[in-house]
Structure formats: C-alpha cells, structure tokens
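J.: Next up, protein.cif (mmCIF, C-alpha atoms and all ligand atoms).
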```cif
data_query
#
loop_
_atom_site.label_atom_id
_atom_site.label_comp_id
_atom_site.auth_asym_id
_atom_site.auth_seq_id
_atom_site.Cartn_x
_atom_site.Cartn_y
_atom_site.Cartn_z
CA MET A 1063 19.65 -87.78 246.89
CA THR A 1064 20.01 -91.44 246.11
CA ASN A 1065 23.32 -93.16 245.81
CA HIS A 1066 22.61 -93.57 242.14
CA ASP A 1067 22.13 -89.82 241.67
CA THR A 1068 25.35 -89.00 243.46
CA LYS A 1069 27.20 -91.37 241.21
CA LEU A 1070 25.53 -89.85 238.17
CA ILE A 1071 26.54 -86.32 239.17
CA HIS A 1072 30.02 -87.50 239.91
CA ALA A 1073 30.30 -89.22 236.56
CA PHE A 1074 28.98 -86.23 234.66
CA GLY A 1075 31.33 -83.95 236.52
CA ALA A 1076 34.18 -86.17 235.45
CA LEU A 1077 32.89 -86.20 231.90
CA ALA A 1078 32.70 -82.42 231.76
CA GLU A 1079 36.22 -82.16 233.11
CA LEU A 1080 37.41 -84.70 230.59
CA GLY A 1081 35.82 -82.77 227.74
CA GLN A 1082 37.62 -79.68 228.87
CA GLU A 1083 40.85 -81.58 229.21
CA VAL A 1084 40.57 -82.87 225.67
CA ALA A 1085 39.75 -79.42 224.32
CA ASN A 1086 42.48 -77.44 225.98
CA LYS A 1087 46.02 -77.24 224.79
CA ASN A 1088 47.70 -79.25 227.52
CA SER A 1089 50.19 -81.77 226.41
CA PHE A 1090 48.68 -84.86 224.91
CA GLN A 1091 50.32 -87.16 227.43
CA GLU A 1092 48.94 -85.05 230.23
CA THR A 1093 45.45 -85.25 228.77
CA ILE A 1094 45.56 -89.02 228.59
CA ARG A 1095 46.91 -89.33 232.12
CA THR A 1096 44.19 -87.06 233.47
CA SER A 1097 41.58 -89.02 231.54
CA LEU A 1098 42.66 -92.26 233.20
CA HIS A 1099 42.60 -90.56 236.54
CA LEU A 1100 39.06 -89.28 235.94
CA ILE A 1101 37.73 -92.67 234.81
CA SER A 1102 39.26 -94.37 237.82
CA GLY A 1103 37.64 -91.81 240.08
CA ALA A 1104 34.25 -91.99 238.42
CA ILE A 1105 33.95 -95.79 238.53
CA GLY A 1106 35.99 -96.44 241.63
CA ILE A 1107 38.85 -98.55 240.35
CA MET A 1108 42.50 -98.84 241.33
CA ARG A 1109 44.17 -100.17 238.21
CA GLY A 1110 43.97 -99.40 234.55
CA GLY A 1111 45.66 -98.09 231.46
CA ILE A 1112 45.13 -96.26 228.19
CA ALA A 1113 46.92 -97.21 224.99
CA ARG A 1114 47.24 -95.70 221.55
CA TYR A 1115 47.03 -97.93 218.51
CA SER A 1116 49.51 -97.77 215.70
CA ARG A 1117 47.74 -99.15 212.63
CA PHE A 1118 51.01 -99.46 210.75
CA ALA A 1119 52.79 -101.48 213.41
CA HIS A 1120 49.53 -103.15 214.54
CA GLU A 1121 50.38 -102.55 218.13
CA LEU A 1122 48.92 -100.94 221.20
CA ASN A 1123 51.35 -98.67 223.01
CA MET A 1124 50.53 -97.75 226.58
CA LEU A 1125 50.23 -94.00 227.08
CA ALA A 1126 49.15 -94.00 230.71
CA VAL A 1127 49.10 -96.73 233.34
CA ARG A 1128 47.85 -96.83 236.87
CA ALA A 1129 49.11 -99.44 239.35
CA LEU A 1130 49.79 -102.08 236.68
CA GLY A 1131 53.32 -102.79 237.90
CA ASP A 1132 56.64 -102.58 236.11
CA ASP A 1133 56.36 -105.82 234.21
CA PHE A 1134 53.08 -105.08 232.48
CA PRO A 1135 53.72 -105.11 228.69
CA LEU A 1136 53.92 -101.55 227.31
CA THR A 1137 53.45 -102.78 223.76
CA MET A 1138 50.88 -105.36 222.68
CA ASN A 1139 50.23 -106.69 219.21
CA LEU A 1140 46.86 -107.17 217.58
CA THR A 1141 46.29 -109.81 214.93
CA ALA A 1142 44.14 -109.15 211.88
CA GLU A 1143 41.43 -111.21 213.52
CA ASP A 1144 41.50 -109.04 216.68
CA GLU A 1145 41.27 -105.90 214.58
CA ARG A 1146 38.34 -107.25 212.61
CA GLN A 1147 36.44 -108.19 215.75
CA PHE A 1148 37.11 -104.92 217.54
CA LEU A 1149 36.08 -102.88 214.52
CA ALA A 1150 32.91 -104.94 214.08
CA ALA A 1151 31.92 -104.47 217.71
CA GLY A 1152 32.75 -100.74 217.73
CA MET A 1153 33.27 -99.00 221.02
CA THR A 1154 31.79 -101.69 223.28
CA PRO A 1155 33.38 -102.77 226.55
CA ILE A 1156 34.61 -106.35 226.37
CA GLU A 1157 34.72 -108.50 229.51
CA VAL A 1158 38.21 -109.98 229.51
CA SER A 1159 36.95 -113.25 231.01
CA GLN A 1160 34.47 -113.75 228.15
CA ALA A 1161 36.78 -112.90 225.29
CA GLN A 1162 39.25 -115.77 225.39
CA VAL A 1163 38.37 -116.78 221.83
CA LEU A 1164 40.30 -113.82 220.47
CA PRO A 1165 44.09 -114.27 219.93
CA PHE A 1166 44.81 -110.99 221.71
CA PHE A 1167 43.30 -112.20 224.99
CA GLN A 1168 44.94 -115.60 224.71
CA VAL A 1169 48.38 -114.08 224.20
CA TYR A 1170 48.13 -111.54 227.02
CA ASN A 1171 45.87 -113.50 229.35
CA SER A 1172 48.46 -113.97 232.08
CA SER A 1173 49.28 -110.25 232.15
CA PHE A 1174 45.59 -109.38 232.43
CA GLU A 1175 44.75 -112.01 234.98
CA GLY A 1176 47.67 -111.07 237.21
CA ARG A 1177 46.34 -107.50 237.46
CA ARG A 1178 42.70 -108.50 237.60
CA LEU A 1179 41.96 -106.50 234.48
CA GLU A 1180 38.26 -107.01 233.84
CA LEU A 1181 37.27 -104.64 231.10
CA PHE A 1182 38.85 -103.88 227.73
CA ILE A 1183 37.40 -101.08 225.58
CA PRO A 1184 38.65 -100.66 222.01
CA LEU A 1185 38.58 -96.98 221.08
CA VAL A 1186 37.03 -96.80 217.64
CA VAL A 1187 36.76 -93.46 215.88
CA ARG A 1188 35.37 -93.19 212.35
CA ASP A 1189 35.82 -96.92 211.72
CA GLU A 1190 39.37 -96.95 212.87
CA ILE A 1191 40.93 -98.36 216.03
CA VAL A 1192 42.85 -95.51 217.65
CA GLY A 1193 43.54 -97.02 221.05
CA SER A 1194 42.09 -98.90 223.99
CA ILE A 1195 41.28 -98.64 227.66
CA PHE A 1196 42.13 -101.38 230.18
CA LEU A 1197 40.26 -101.37 233.50
CA GLY A 1198 40.90 -103.41 236.64
CA GLU A 1199 38.32 -104.65 239.10
CA LYS A 1200 36.23 -102.13 241.01
CA ALA A 1201 37.42 -101.24 244.48
CA SER A 1202 34.09 -102.43 245.85
CA GLY A 1203 34.67 -105.88 244.35
CA GLU A 1204 31.32 -105.67 242.55
CA PRO A 1205 31.03 -106.48 238.86
CA TYR A 1206 30.74 -103.67 236.33
CA THR A 1207 27.13 -102.62 235.81
CA SER A 1208 25.83 -101.64 232.39
CA TYR A 1209 25.65 -98.12 233.79
CA ASP A 1210 29.40 -98.19 234.57
CA LYS A 1211 30.03 -99.39 231.06
CA ASP A 1212 28.01 -96.51 229.60
CA ILE A 1213 30.14 -94.02 231.52
CA VAL A 1214 33.33 -95.70 230.40
CA CYS A 1215 32.10 -95.63 226.80
CA ALA A 1216 31.19 -91.96 226.98
CA MET A 1217 34.63 -91.14 228.32
CA GLY A 1218 36.19 -93.48 225.79
CA GLN A 1219 34.59 -91.36 223.06
CA HIS A 1220 36.38 -88.29 224.32
CA ILE A 1221 39.71 -90.04 224.67
CA GLY A 1222 39.36 -91.66 221.26
CA VAL A 1223 38.70 -88.28 219.67
CA ALA A 1224 41.70 -86.82 221.49
CA ILE A 1225 43.94 -89.57 220.12
CA ALA A 1226 42.47 -89.29 216.62
CA GLN A 1227 43.00 -85.53 216.70
CA ARG A 1228 46.53 -86.02 217.82
CA ASN A 1229 47.15 -88.50 215.00
CA LEU A 1230 45.68 -86.08 212.52
CA MET A 1231 47.83 -83.25 213.82
CA ALA A 1232 50.94 -85.40 213.57
CA GLU A 1233 49.98 -86.32 210.01
CA ILE A 1234 49.35 -82.69 209.07
CA GLU A 1235 52.63 -81.63 210.62
CA ARG A 1236 54.44 -84.38 208.75
CA ARG A 1237 52.89 -83.31 205.46
CA ALA A 1238 53.53 -79.64 206.15
CA ASP A 1239 57.16 -80.56 206.81
CA GLU A 1240 57.30 -82.50 203.58
CA ASN A 1241 55.77 -79.58 201.68
CA ARG A 1242 58.12 -77.13 203.28
CA GLN A 1243 61.05 -79.30 202.34
CA LEU A 1244 59.78 -79.70 198.80
CA PHE A 1245 59.24 -75.98 198.54
CA GLU A 1246 62.72 -75.24 199.85
CA GLU A 1247 64.20 -77.67 197.35
CA MET A 1248 62.30 -76.08 194.49
CA ARG A 1249 63.25 -72.65 195.66
CA SER A 1250 66.92 -73.48 195.84
CA THR A 1251 66.75 -75.22 192.45
CA TYR A 1252 65.17 -72.08 191.02
CA HIS A 1253 67.85 -69.87 192.50
CA ASP A 1254 70.63 -72.18 191.34
CA THR A 1255 69.17 -72.07 187.84
CA VAL A 1256 68.93 -68.30 187.95
CA ARG A 1257 72.55 -68.01 189.03
CA ALA A 1258 73.65 -70.50 186.39
CA PHE A 1259 71.87 -68.38 183.81
CA ALA A 1260 73.52 -65.23 185.09
CA ALA A 1261 76.91 -66.90 184.84
CA ALA A 1262 76.10 -68.03 181.29
CA ILE A 1263 75.14 -64.49 180.29
CA ASP A 1264 78.27 -63.04 181.84
CA CYS A 1265 80.39 -65.68 180.19
CA LYS A 1266 79.54 -64.29 176.78
CA ASP A 1267 80.65 -60.82 177.70
CA LYS A 1268 84.30 -61.05 178.63
CA TYR A 1269 84.70 -57.33 179.41
CA THR A 1270 81.93 -57.21 181.93
CA GLU A 1271 82.64 -60.35 183.82
CA GLY A 1272 80.23 -60.88 186.67
CA HIS A 1273 77.98 -58.01 185.49
CA SER A 1274 74.65 -59.85 185.85
CA VAL A 1275 75.59 -61.20 189.25
CA ARG A 1276 76.54 -57.72 190.47
CA VAL A 1277 73.38 -56.16 189.03
CA GLY A 1278 71.46 -58.85 190.92
CA LYS A 1279 73.23 -57.92 194.13
CA PHE A 1280 72.82 -54.15 193.63
CA SER A 1281 69.12 -54.64 192.87
CA GLU A 1282 68.85 -56.68 196.04
CA ILE A 1283 70.49 -53.87 198.03
CA ILE A 1284 68.12 -51.24 196.61
CA ALA A 1285 65.02 -53.33 197.32
CA GLY A 1286 66.29 -54.03 200.82
CA GLU A 1287 66.88 -50.32 201.47
CA LEU A 1288 63.32 -49.63 200.32
CA GLY A 1289 62.17 -51.84 203.18
CA TRP A 1290 60.73 -54.59 201.00
CA GLY A 1291 59.99 -58.03 202.44
CA THR A 1292 62.31 -61.01 201.98
CA GLU A 1293 60.43 -62.41 199.00
CA GLU A 1294 60.30 -59.11 197.14
CA VAL A 1295 63.98 -58.52 197.79
CA GLU A 1296 64.68 -61.98 196.38
CA GLY A 1297 62.53 -61.11 193.38
CA ALA A 1298 64.54 -57.95 192.78
CA ALA A 1299 67.76 -59.97 192.93
CA VAL A 1300 66.41 -62.47 190.39
CA ALA A 1301 65.30 -59.63 188.11
CA GLY A 1302 68.85 -58.26 188.29
CA TYR A 1303 70.47 -61.62 187.64
CA LEU A 1304 68.39 -62.16 184.53
CA HIS A 1305 68.04 -58.63 183.13
CA ASP A 1306 70.48 -59.17 180.25
CA VAL A 1307 69.38 -62.71 179.38
CA GLY A 1308 68.47 -61.39 175.91
CA LYS A 1309 72.17 -60.83 175.23
CA LEU A 1310 72.51 -64.57 174.82
CA THR A 1311 71.17 -64.12 171.28
CA VAL A 1312 73.33 -61.11 170.37
CA GLU A 1313 76.48 -61.84 168.42
CA ARG A 1314 79.51 -62.22 170.57
CA LYS A 1315 81.60 -59.79 168.50
CA ILE A 1316 79.07 -57.00 169.07
CA ILE A 1317 78.98 -57.55 172.79
CA ASN A 1318 82.75 -57.73 173.01
CA ALA A 1319 83.56 -54.95 170.54
CA PRO A 1320 86.61 -53.09 171.88
CA TYR A 1321 85.34 -49.85 170.33
CA ARG A 1322 82.10 -47.89 170.33
CA ILE A 1323 79.78 -49.94 168.17
CA ASN A 1324 78.16 -48.47 165.04
CA ALA A 1325 74.46 -47.76 164.55
CA LYS A 1326 73.65 -51.14 163.01
CA GLU A 1327 75.44 -53.04 165.73
CA SER A 1328 73.84 -50.83 168.29
CA SER A 1329 70.35 -51.58 167.03
CA GLU A 1330 71.20 -55.28 167.18
CA LEU A 1331 72.38 -54.93 170.76
CA ASN A 1332 69.33 -52.85 171.68
CA LYS A 1333 67.07 -55.76 170.93
CA HIS A 1334 68.30 -57.57 174.01
CA PRO A 1335 65.59 -56.23 176.37
CA SER A 1336 62.75 -57.39 174.13
CA VAL A 1337 64.47 -60.70 173.43
CA GLY A 1338 65.00 -61.11 177.17
CA PHE A 1339 61.30 -60.56 177.74
CA GLU A 1340 60.44 -63.18 175.12
CA ILE A 1341 62.76 -65.65 176.82
CA LEU A 1342 61.50 -65.00 180.35
CA GLN A 1343 57.82 -64.47 179.70
CA PRO A 1344 56.83 -68.16 179.24
CA ILE A 1345 58.68 -69.25 182.39
CA HIS A 1346 56.66 -69.32 185.56
CA HIS A 1347 58.61 -67.17 188.02
CA PRO A 1348 57.75 -66.96 191.71
CA TYR A 1349 58.11 -63.20 191.19
CA THR A 1350 55.84 -61.71 188.57
CA ASP A 1351 57.91 -58.75 187.42
CA VAL A 1352 61.06 -60.57 186.31
CA PRO A 1353 60.22 -60.50 182.55
CA LEU A 1354 59.19 -56.82 182.79
CA ALA A 1355 62.48 -55.93 184.45
CA ALA A 1356 64.32 -57.47 181.49
CA LYS A 1357 62.12 -55.67 178.97
CA TYR A 1358 62.32 -52.19 180.47
CA HIS A 1359 65.70 -52.01 182.20
CA HIS A 1360 66.96 -49.52 179.59
CA GLU A 1361 64.03 -47.12 179.89
CA ARG A 1362 64.57 -43.69 181.48
CA LEU A 1363 62.23 -41.45 183.46
CA ASP A 1364 62.58 -38.71 180.81
CA GLY A 1365 61.36 -41.03 178.05
CA ARG A 1366 64.72 -41.14 176.26
CA GLY A 1367 65.38 -44.80 176.94
CA TYR A 1368 64.55 -47.87 174.87
CA PRO A 1369 62.88 -50.05 173.61
CA ASP A 1370 59.59 -48.15 174.06
CA GLY A 1371 60.69 -44.71 175.27
CA LEU A 1372 58.36 -44.98 178.28
CA TYR A 1373 58.02 -42.11 180.74
CA ASP A 1374 58.46 -42.29 184.50
CA ARG A 1375 55.18 -43.72 185.67
CA GLU A 1376 54.82 -46.02 182.68
CA ILE A 1377 57.99 -47.86 183.65
CA PRO A 1378 57.52 -50.84 185.97
CA PHE A 1379 59.10 -50.12 189.33
CA ILE A 1380 61.28 -53.22 189.28
CA ALA A 1381 62.73 -52.11 185.92
CA LYS A 1382 63.72 -48.79 187.49
CA ILE A 1383 65.55 -50.65 190.24
CA VAL A 1384 67.41 -52.85 187.78
CA ASN A 1385 68.19 -49.81 185.61
CA LEU A 1386 69.89 -48.07 188.51
CA ALA A 1387 71.78 -51.22 189.48
CA ASP A 1388 72.79 -51.79 185.85
CA SER A 1389 73.98 -48.21 185.30
CA PHE A 1390 75.84 -48.20 188.58
CA ASP A 1391 77.70 -51.34 187.59
CA ALA A 1392 78.53 -49.86 184.17
CA MET A 1393 79.98 -46.76 185.86
CA THR A 1394 81.99 -48.68 188.41
CA THR A 1395 83.58 -51.30 186.14
CA ASP A 1396 86.14 -50.93 183.38
CA ARG A 1397 84.67 -51.14 179.88
CA PRO A 1398 86.68 -51.72 176.70
CA TYR A 1399 86.29 -48.10 175.67
CA LYS A 1400 85.88 -46.50 179.07
CA ALA A 1401 87.74 -46.85 182.37
CA ARG A 1402 85.90 -47.21 185.64
CA ARG A 1403 84.80 -43.88 187.09
CA ALA A 1404 86.04 -42.77 190.49
CA ALA A 1405 83.62 -43.12 193.38
CA HIS A 1406 83.12 -39.36 193.74
CA ALA A 1407 82.33 -38.97 190.07
CA VAL A 1408 79.87 -41.87 190.23
CA VAL A 1409 77.98 -40.25 193.10
CA GLU A 1410 77.85 -37.01 191.10
CA ASP A 1411 76.61 -38.90 188.04
CA LEU A 1412 73.87 -40.53 190.05
CA HIS A 1413 72.85 -37.18 191.45
CA ARG A 1414 72.91 -35.44 188.07
CA ASN A 1415 70.81 -38.12 186.44
CA THR A 1416 68.30 -38.42 189.23
CA GLY A 1417 64.94 -37.28 187.90
CA LYS A 1418 66.15 -37.76 184.30
CA GLN A 1419 67.14 -41.40 184.31
CA PHE A 1420 66.75 -42.54 187.90
CA SER A 1421 63.90 -42.28 190.35
CA PRO A 1422 64.86 -40.00 193.28
CA GLU A 1423 63.60 -42.52 195.85
CA LEU A 1424 65.81 -45.22 194.33
CA THR A 1425 68.97 -43.13 194.18
CA THR A 1426 68.27 -42.08 197.74
CA ALA A 1427 67.77 -45.67 198.87
CA PHE A 1428 70.92 -46.82 197.13
CA LEU A 1429 73.12 -44.01 198.42
CA THR A 1430 71.64 -44.41 201.89
CA GLY A 1431 72.71 -48.05 201.84
CA MET A 1432 76.21 -47.07 200.80
CA HIS A 1433 76.35 -44.32 203.40
CA ARG A 1434 75.25 -46.69 206.17
CA GLU A 1435 78.03 -49.07 205.25
CA LEU A 1436 80.64 -46.32 205.16
CA LYS A 1437 79.49 -45.08 208.55
CA GLY A 1438 79.78 -48.61 209.94
CA GLU A 1439 76.05 -48.83 210.66
CA ASP A 1440 75.73 -51.72 208.24
CA ARG A 1441 78.44 -54.28 208.81
CA SER A 1442 77.61 -56.60 205.91
CA LYS A 1443 80.36 -55.02 203.74
CA ARG A 1444 78.17 -55.53 200.68
CA PHE A 1445 79.57 -52.58 198.75
CA ARG A 1446 83.15 -53.25 199.74
CA ARG A 1447 82.84 -56.80 198.49
CA LEU A 1448 81.31 -55.74 195.18
CA LEU A 1449 83.48 -52.69 194.49
CA GLY A 1450 86.70 -53.37 196.33
CA ARG A 1451 87.91 -51.90 199.57
CA ASP A 1452 90.13 -49.20 198.10
CA TYR A 1453 87.33 -47.95 195.92
CA MET A 1454 84.99 -47.54 198.86
CA GLU A 1455 87.67 -45.87 200.95
CA ALA A 1456 88.09 -42.93 198.58
CA GLU A 1457 88.76 -39.87 200.67
CA GLY A 1458 85.73 -37.84 201.62
CA LEU A 1459 83.28 -40.29 200.02
CA THR A 1460 81.12 -40.51 203.14
CA GLU A 1461 80.73 -36.72 203.27
CA LYS A 1462 80.14 -36.57 199.56
CA ILE A 1463 77.27 -39.05 199.82
CA ARG A 1464 75.80 -37.30 202.83
CA TYR A 1465 75.93 -34.00 201.01
CA THR A 1466 74.28 -35.55 197.94
CA LEU A 1467 71.57 -37.16 200.04
CA ASN A 1468 70.84 -33.78 201.63
CA GLU A 1469 70.70 -32.14 198.25
CA MET A 1470 68.24 -34.72 196.99
CA ALA A 1471 66.13 -34.90 200.11
CA PRO A 1472 63.72 -31.98 199.47
CA THR A 1473 62.75 -33.40 196.11
CA THR A 1474 61.25 -36.57 197.52
CA PRO A 1475 57.46 -36.42 197.87
CA MET A 1476 57.51 -37.68 201.44
CA THR A 1477 59.68 -34.80 202.60
CA TYR A 1478 57.51 -32.34 200.69
CA VAL A 1479 54.44 -33.52 202.51
CA ALA A 1480 56.13 -33.61 205.88
CA ALA A 1481 57.68 -30.17 205.44
CA ALA A 1482 54.50 -28.63 204.06
CA ALA A 1483 52.37 -30.15 206.79
CA SER A 1484 54.62 -28.76 209.49
CA VAL A 1485 54.57 -25.27 208.00
CA GLY A 1486 51.19 -24.67 206.48
CA GLY A 1487 48.98 -27.46 207.71
CA ASP A 1488 46.53 -29.43 205.59
CA GLU A 1489 45.69 -26.62 203.21
CA THR A 1490 49.22 -26.44 201.88
CA VAL A 1491 49.36 -30.18 201.42
CA LEU A 1492 46.32 -30.01 199.15
CA HIS A 1493 48.16 -27.71 196.75
CA LEU A 1494 51.12 -29.95 196.33
CA PRO A 1495 51.90 -31.18 192.86
CA ILE A 1496 51.11 -34.83 192.38
CA HIS A 1497 54.20 -36.91 191.74
FE FE B 1 70.98 -54.46 179.34
FE FE B 2 73.12 -54.93 181.95
#
```
What is this file in structure tokens?
Ligand SMILES: [Fe+2]
Ligand SMILES: [Fe+2]
T.:
Amino acid sequence: MTNHDTKLIHAFGALAELGQEVANKNSFQETIRTSLHLISGAIGIMRGGIARYSRFAHELNMLAVRALGDDFPLTMNLTAEDERQFLAAGMTPIEVSQAQVLPFFQVYNSSFEGRRLELFIPLVVRDEIVGSIFLGEKASGEPYTSYDKDIVCAMGQHIGVAIAQRNLMAEIERRADENRQLFEEMRSTYHDTVRAFAAAIDCKDKYTEGHSVRVGKFSEIIAGELGWGTEEVEGAAVAGYLHDVGKLTVERKIINAPYRINAKESSELNKHPSVGFEILQPIHHPYTDVPLAAKYHHERLDGRGYPDGLYDREIPFIAKIVNLADSFDAMTTDRPYKARRAAHAVVEDLHRNTGKQFSPELTTAFLTGMHRELKGEDRSKRFRRLLGRDYMEAEGLTEKIRYTLNEMAPTTPMTYVAAAASVGGDETVLHLPIH
C-alpha cells in the first residue's frame, strides 16, 4: 500500500466518521469540535478553528478552536466585499497569503500570521455563507496539496450542512415559539371574551346571578368526570358559559319576573335556545358543538323538552351535559318563585329524572365527581366553592350519593355488558337491548 493510499483510507475514514457525527443527535458544539479534530487528524495539522457566520451581525463566531491561543479573536467581521467574494468563489479553500486584497485578510492579518494560519475555507451552503474553517500549517511543514484541499472541502460540506441545519432548527423553534405564543394569546382572548359574555348574560338576570358561569363550571366537571381530554373539557365549559346567550334578546321583565310567567311570556322566553344558536352559529369556535349546546340545552331524553322535542339519541351529547349542569344550578339556587332545594332532595331529583331528562351516564359522572369530593379523594373543592360549604356538608349526603350511584349502576350499558359477560358469556351479550 502506497503512502498515498494510506492517506486516502485515513481521510475517508475520517469523512465517514464526520458524516455520522453530523447525523447523530450529539450536541451541536460537540459535533463541531469533533469535526475539527477529524480534519486535523486527516491532514496532519496542529492548529485550526471552525466558525459560524451570523448573516445579521455579519460576523464569524468561533465555535471550536485548536491551539490558537487565548488572544485569537473569537469574533471577526466580514465586509460586504468579503461576503461577495466568498459567495462568488463558493466553497473553495483560500490561501491566506494570496488573499491580502480582501479587507477581511487585511484586518486580521496579524492574528493569522502569528498562528501560521494558511488556509481559509468559507462554508457556503445553498448560496449562503454559514461559517468558515481556519487551518494552520501542516505538521510536516509541506504546503497544502490540491488533494488535501479536496479533503478539507469534502469535510467542509458536512460541517456547513450541520451548521445550516442547526440554523434552520433554531429558526423553526423560534417560529414555533412565536406561533405557540400567538395561539396562547388568542386562546386566552377567546376565553376572556367567553367569560365577559357569560357575565353580560348573567347581568341581565338579577335573580340568577352567576348562573352562566356556574353552568360552565358544572359542565366542565361533568366532561372531566367522563374522562375527556383538556380541549374537550374546555369546550364543555365554553358551551356552559354561553348556553343562555339567547336570553340577551329576551325582555328583562320576563327574565326577572318575580312570579311564574304566563304562556305568552313563556313562549317568548323559550325562544332563547334558538336565538342563542343564531348568535353563536356564525362565530368560529375552537369547539364545534358550542352553538348546538345553546340550541338544545332544554331538550329532554323523553322528548318533552324544547325547542324541537328531540329524543335521547337525537340530542347532541354536549347539550345533554349543559342541560344537566343547567338544571342542577336551577335546583341549587334560589329563584324568585322557588327556594333552593336541599342537597338530599336535589340528589333524589337527579335520580328520579335520570332516563327521563338526564342521561344515566351523565348523572353518574356528575354524582361520582361530587362523591369523590365528599370522600376527600378530590381535593379541588369544586363543589364546595360553587355551592357553599354548609350545603355540601348536609348530614348523610355522602351515603345518599353512594346509595343513588348504586341504584343507578345496573342501568348503565357498560355494567350490563360486564355483568352479562361474567354470567352468561358472549351469547347473553348478543341478546342485550341496544341503548
Ligand atoms: Fe336556558
Ligand atoms: Fe340556563
């Protein structure tokens, strides 16, 4: 094997290693340092450095240096003329001694000469300067051959791509950050607007102060208990906050009537779901079902609700959630013609109306949430904050809810299937009624 061959193998080995280095996920700094090490080894040089170019600041910043001494400049400026020349020449090694016409080499000549830096390679990737390599004299004292320069250029390609990739990543990260921030801002603006709306709706109805806000929070609790994801839970809250937005167009005296309203007034009031839908429909909500929740929050499973008298499966799920939250708030707050019901009575009401007005899975989810809080398994105190501590500490409430949950349990489809499967196997499951 000739000396030339050995060198070739050595250089290609270094190149392969460098390629791997660039491709793997090591830290960028580490990659650059290793690259310099590999070039030095392949050519046989003692001193050198690799810099990254900032095209905004027009400066080269050293990323890795080898035996250049403490006083070597870590930042070097390029003039427009330097940039033009480097770009025109592309990735070609420049002999420092022959390049004195360029401002860059005039300015930094003494630094280069002092370290016997002989070769300067601008790293050009896709018509952009991304960095440069500085190389000192060869250990053998011989001049750089064109073969050496080819190796340096090949390695320079890899390093240039690594730097360009890094720049791109930084840019993408910056933009992703910007987008995230923008998104967060929009999201919080949306939620502020929703809450402002809820407050405006509640403002009109002096007897049910805070109703929309509470319905939002109860809806949020139900969705959370159903195991929904963060976004869906947020959507349920928004649907609750805005469910009565249609009331904004109903006369104040009807809403605030201190007596049971007559048929005419009642039909006026009953328009609020449809009006709410009309108001919400044209708005682009991050959650699709918000207008539907407003439109159908007074529907009942048994078809006796309004405006359309829909039956169970015709009613959008989100509207069922808001309906439960809405009814629960009506039961647990004082109304002009009706005092707040005691906690025990409310639980009984929920139970009695499950299957007629409320979906069993929703009543179960809601009562489960309440039960977990009473048992101390959920420490968020959501119910206590919304209903008052005394209310939630009614004697025997925990047992009452547990009893009710047990009573309701066999009617849920999941339990049916599980119970049937454990008793009669698959055959029994096939004969189950479809819910
Ligand atoms: Fe309503
Ligand atoms: Fe309501």
J.: Counting all atoms listed in the file, note down every residue that has an atom within 8 Å of the point (34.1, -105.2, 231.0) (file coordinates), as a VMD selection string.
T.: chain A and resid 1155 to 1158 1180 to 1183 1197 1206 1211
J.: Can you work out which residues are within 7 Å of ligand FE 1 (chain B), considering only C-alpha atoms and all ligand atoms, and then hand them over as a list in words?
T.: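 Checked against 7 Å with only C-alpha atoms and all ligand atoms; the hits are His1305, Asp1306, His1334, Pro1335, His1359 and His1360 of chain A.
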J.: For a quick check of understanding, using all atoms listed in the file, which of A:Gly1302, A:Gly1193, A:Pro1184, A:Gly1367 has the smallest distance to Ala1285 of chain A?
T.: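 Of all the options, A:Gly1302 lies closest to Ala1285 of chain A.
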J.: Go through A:Thr1416, A:Thr1350, A:Ser1328, A:Ser1194 and flag the residue nearest Phe1428 of chain A, using all atoms listed in the file for the distances.
T.: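 Of the candidates, the smallest distance to Phe1428 of chain A is held by A:Thr1416.
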J.: Using all atoms listed in the file, which of A:Phe1118, A:Phe1390, A:Tyr1209, A:Trp1290 sits nearest ligand FE 2 (chain B)?
T.: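 Answer, going by the shortest atom-to-atom distance: A:Phe1390.
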J.: Work out how far atom CA of Asp1440 of chain A is from atom CA of Ala1471 of chain A, in Å to one decimal.
T.: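 Atom CA of Asp1440 of chain A lies at a distance of 21.0 Å from atom CA of Ala1471 of chain A.
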J.: Report, in Å to a single decimal, how far apart atom CA of Leu1412 of chain A and atom CA of Gly1450 of chain A are.
T.: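 Distance reported for this atom pair: 19.2 Å.
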J.: How far is it from atom CA of Leu1164 of chain A to atom CA of Thr1141 of chain A, in Å with one decimal?
T.: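 These two atoms are separated by 9.1 Å.
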J.: For ligand FE 2 (chain B), which residue out of A:Ala1104, A:Ile1317, A:Val1186, A:Met1138 is the nearest one, using all atoms listed in the file?
T.: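 Closest to ligand FE 2 (chain B), using all atoms listed in the file: A:Ile1317.
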J.: Would you list the contacts of Leu1288 of chain A as a list in words, taking every protein, DNA or RNA residue within 9 Å and counting all atoms listed in the file, but skipping same-chain residues closer than 5 positions in sequence?
T.: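 Counting all atoms listed in the file, the residues come to Ile1283, Glu1423, Leu1424, Ala1427 and Phe1428 of chain A.
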J.: Of the candidates A:Asp1267, A:Glu1469, A:Glu1457, A:Glu1296, which shows the shortest atom-to-atom distance to ligand FE 2 (chain B), using all atoms listed in the file?
T.: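 With all atoms listed in the file as the atom set, the closest residue is A:Asp1267.
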J.: Taking all atoms listed in the file into account, name the residue in A:Arg1249, A:Arg1146, A:Arg1375, A:Arg1447 that is nearest to Lys1279 of chain A.
T.: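 Selected residue with least distance to Lys1279 of chain A: A:Arg1447.
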